[in-house]
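Chemist: Let me begin by handing over the structure; questions about it come next.
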Amino acid sequence: MSLFRSKEWWSTKGGDQEEYDRGCLCVANVDNAPDGTVKIITGSFQGFLRIYHPRQKDFHVEDLLFEKNLGAPIVFVEAGRILPGSRQATGLAVLHPRRLVVYAVTRTEGTGDGAQGSYLSIERRYEHALEHSAHSMCLAGERLLVQSVDGQWSIFEAGRLAFARFLPDVLLPGPVCYVPLIDAFVTASATLQLECYTMRALAASTAEQRQPAAAAEHQPHASQAVAIEWTCNVGEPVREVCVGRFSRSSLAATQQEVIALGERTLFALEASRGHIKMQTRLDLPPAALTLFPVPESSDLDWHNVLLATSGGTLKVYKESRLLWAASTPAT
């Protein structure tokens, strides 16, 4: 039980009887505001897309800049430089079960004092129908990876489908993150492993159709499976994976780490080889994780971990050391 208690600054309810999953929220300067202010984007399984801009304590009606029912469940939302022909502008990607849509978000200023009458609008830039039911997606620079429930990865670039590949022996899809340093993706498998696939290996493979391993052994002209860069057996299911620089004592200036949140353990792995650099046992079942940058005396970028537990506690870790913990108002 923590001695500290976090104080709620702003909150809102998305809608009556609406449901959300882990990929139904992102934070970004989605309307490309000159001052760089970020917005909160949410999408529900009931199809409602909303964009919020909290400016002061507690929710006010002008904080909701956009709301629209897109007519299909929203599985995932992501924002990044994904607009064709505009590399510097941020676009909004919305993933439906059978469709990927990318929007440009524009802002219209109000006529009242300040920004009281401001609102946002969206313009569809491109859309792709998906052959397989979508599970999640991941931003990879100016590309998008869409993961299906049966293990197909589709890479979209410049508004077009670049290629689609099936991963070998996928039972259930897991969380995915992109590692810019090695141009690769890291995902968690149902076999309690972390697996790394480079973009080069995905492009070189010919595994466009799902094929059982036993059948491939008896067919000399079977498609070439995607080569795995590295694997690491962590021994427990993984809830989240993300990329940053966490281990200050053992990480070189040119290295990145994969931070993996297991059911009972927090792992830090060297991104290029998959070696475990640190692991911390958690005393409460975790619910979610994110990294945030912290200012340090050196010129290198470092991150701390913000961890939420199923017991309603927020924790901040610097490497394996717990810096701060507080209970949330909901507990």
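Going through the structure tokens in order, the chains are called A, B, and so on, while each chain numbers its residues from 1 and the ligands are numbered from 1 in the order shown.
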I'd like the neighbourhood of Pro54 of chain A as a VMD selection string, where a residue qualifies if any of its atoms comes within 12 Å (using only C-alpha atoms), though same-chain residues fewer than 3 positions away should be ignored.
Modeler: chain A and resid 9 to 12 27 37 to 41 51 57 to 65 115
Chemist: Using DSSP secondary structure from the backbone, list all strand (DSSP E) positions within segment 118-285 of chain A, as an MDAnalysis selection string.
Modeler: chainID A and resid 119:129 134:140 143:148 152:157 160:166 176:179 184:188 193:198 230:233 238:244 257:262 265:270 276:281
Chemist: When you look at segment 257-272 of chain A with a cut-off of 7 Å (counting only C-alpha atoms), what residues show up, excluding the ones that are within fewer than 2 positions of it in the same chain? I need them as a short mmCIF file (atom, residue, chain, number, x, y, z; two decimals) with C-alpha atoms, in the first residue's frame.
Modeler:
```cif
data_model
loop_
_atom_site.label_atom_id
_atom_site.label_comp_id
_atom_site.auth_asym_id
_atom_site.auth_seq_id
_atom_site.Cartn_x
_atom_site.Cartn_y
_atom_site.Cartn_z
CA ILE A 182 18.00 -2.11 -36.62
CA GLU A 236 5.85 -15.93 -19.16
CA PRO A 237 3.21 -14.19 -21.28
CA VAL A 238 4.14 -10.65 -22.35
CA ARG A 239 1.55 -7.86 -22.17
CA GLU A 240 3.46 -4.92 -23.67
CA VAL A 241 6.68 -4.26 -25.60
CA CYS A 242 8.26 -0.88 -26.30
CA VAL A 243 11.63 0.57 -27.29
CA GLY A 244 13.84 3.02 -25.44
CA ARG A 245 17.04 3.52 -23.50
CA PHE A 246 16.61 2.27 -19.95
CA GLN A 255 22.26 0.88 -28.54
CA GLY A 274 17.96 -10.14 -27.70
CA HIS A 275 20.13 -10.62 -24.62
CA ILE A 276 18.42 -9.91 -21.30
CA LYS A 277 20.21 -6.99 -19.64
CA MET A 278 17.91 -6.57 -16.65
CA GLN A 279 14.82 -8.13 -15.12
CA THR A 280 12.80 -6.98 -12.13
CA ARG A 281 10.22 -9.05 -10.32
CA LEU A 282 6.91 -7.22 -9.78
CA PRO A 285 0.09 -8.04 -11.52
CA PRO A 286 0.78 -5.28 -14.09
#
```
Chemist: Rounded to one decimal, what separation in Å do you get between atom CA of Asn233 of chain A and atom CA of Leu171 of chain A?
Modeler: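 Value for the atom CA of Asn233 of chain A-atom CA of Leu171 of chain A distance: 16.2 Å.
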Chemist: Apply DSSP to the structure's backbone, then extract all residues of segment 7-199 of chain A labelled helix (DSSP H, G or I) and return them as a PyMOL selection string.
Modeler: chain A and resi 61-63+199
Chemist: Counting only C-alpha atoms, which residue out of A:Glu195, A:Ala134, A:Asn32, A:Arg50 sits closest to Ala104 of chain A?
Modeler: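 The answer is A:Asn32, which sits nearest to Ala104 of chain A.
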Chemist: Set the distance at 9 Å and use only C-alpha atoms: which residues neighbour Gly141 of chain A once local chain neighbours fewer than 2 positions away are removed? I'd like the list as a VMD selection string.
Modeler: chain A and resid 80 to 82 139 143 to 144 178 180
Chemist: May I have the selected residues written with all heavy atoms, as a compact mmCIF listing (two decimals), in the first residue's frame?
Modeler:
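As a result, part.txt now contains:
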```
# COMPACT_ATOMS: atom_id res chain seq x y z
N GLY A 80 1.17 9.50 -36.84
CA GLY A 80 2.56 9.66 -37.23
C GLY A 80 2.66 10.26 -38.62
O GLY A 80 1.66 10.68 -39.22
N ARG A 81 3.87 10.28 -39.15
CA ARG A 81 4.12 10.87 -40.47
C ARG A 81 3.82 9.85 -41.56
O ARG A 81 4.73 9.27 -42.17
CB ARG A 81 5.56 11.36 -40.54
CG ARG A 81 5.85 12.48 -39.54
CD ARG A 81 7.29 12.92 -39.58
NE ARG A 81 7.53 14.02 -38.65
CZ ARG A 81 8.71 14.59 -38.45
NH1 ARG A 81 9.77 14.17 -39.14
NH2 ARG A 81 8.84 15.57 -37.58
N ILE A 82 2.56 9.64 -41.80
CA ILE A 82 2.10 8.59 -42.70
C ILE A 82 1.25 9.12 -43.84
O ILE A 82 0.64 8.34 -44.57
CB ILE A 82 1.29 7.53 -41.91
CG1 ILE A 82 0.20 8.21 -41.08
CG2 ILE A 82 2.21 6.71 -41.02
CD1 ILE A 82 -0.69 7.24 -40.33
N LEU A 139 3.41 1.64 -35.71
CA LEU A 139 4.02 2.67 -36.53
C LEU A 139 5.51 2.39 -36.65
O LEU A 139 6.20 2.16 -35.65
CB LEU A 139 3.78 4.05 -35.89
CG LEU A 139 4.21 5.27 -36.68
CD1 LEU A 139 3.37 5.41 -37.94
CD2 LEU A 139 4.09 6.52 -35.82
N ARG A 143 6.04 4.16 -42.14
CA ARG A 143 5.31 2.96 -42.56
C ARG A 143 4.38 2.49 -41.45
O ARG A 143 4.55 2.84 -40.29
CB ARG A 143 6.30 1.84 -42.93
CG ARG A 143 7.21 2.18 -44.08
CD ARG A 143 8.41 1.27 -44.14
NE ARG A 143 9.29 1.48 -42.99
CZ ARG A 143 10.52 0.98 -42.89
NH1 ARG A 143 11.00 0.23 -43.87
NH2 ARG A 143 11.26 1.21 -41.82
N LEU A 144 3.41 1.68 -41.83
CA LEU A 144 2.48 1.09 -40.89
C LEU A 144 2.51 -0.42 -41.03
O LEU A 144 2.50 -0.95 -42.15
CB LEU A 144 1.05 1.58 -41.13
CG LEU A 144 0.67 2.94 -40.57
CD1 LEU A 144 -0.70 3.36 -41.11
CD2 LEU A 144 0.63 2.93 -39.05
N TYR A 178 8.41 -1.37 -32.88
CA TYR A 178 9.39 -1.16 -33.95
C TYR A 178 10.68 -0.64 -33.34
O TYR A 178 10.67 0.25 -32.47
CB TYR A 178 8.85 -0.15 -34.96
CG TYR A 178 9.83 0.24 -36.03
CD1 TYR A 178 10.26 -0.68 -36.98
CD2 TYR A 178 10.34 1.54 -36.09
CE1 TYR A 178 11.17 -0.31 -37.97
CE2 TYR A 178 11.24 1.91 -37.08
CZ TYR A 178 11.65 0.98 -38.02
OH TYR A 178 12.55 1.34 -38.98
N PRO A 180 13.90 1.28 -34.40
CA PRO A 180 14.49 2.04 -35.52
C PRO A 180 15.96 1.74 -35.75
O PRO A 180 16.42 1.76 -36.90
CB PRO A 180 14.28 3.50 -35.08
CG PRO A 180 13.22 3.47 -34.04
CD PRO A 180 13.35 2.16 -33.35
```
Chemist: Contacts of Ala253 of chain A at 10 Å or less, counting only C-alpha atoms, minus same-chain residues fewer than 5 places along, as a list in words?
Modeler: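 Everything that qualifies: Arg245, Arg248, Asp299, Leu300 and Asp301 of chain A.
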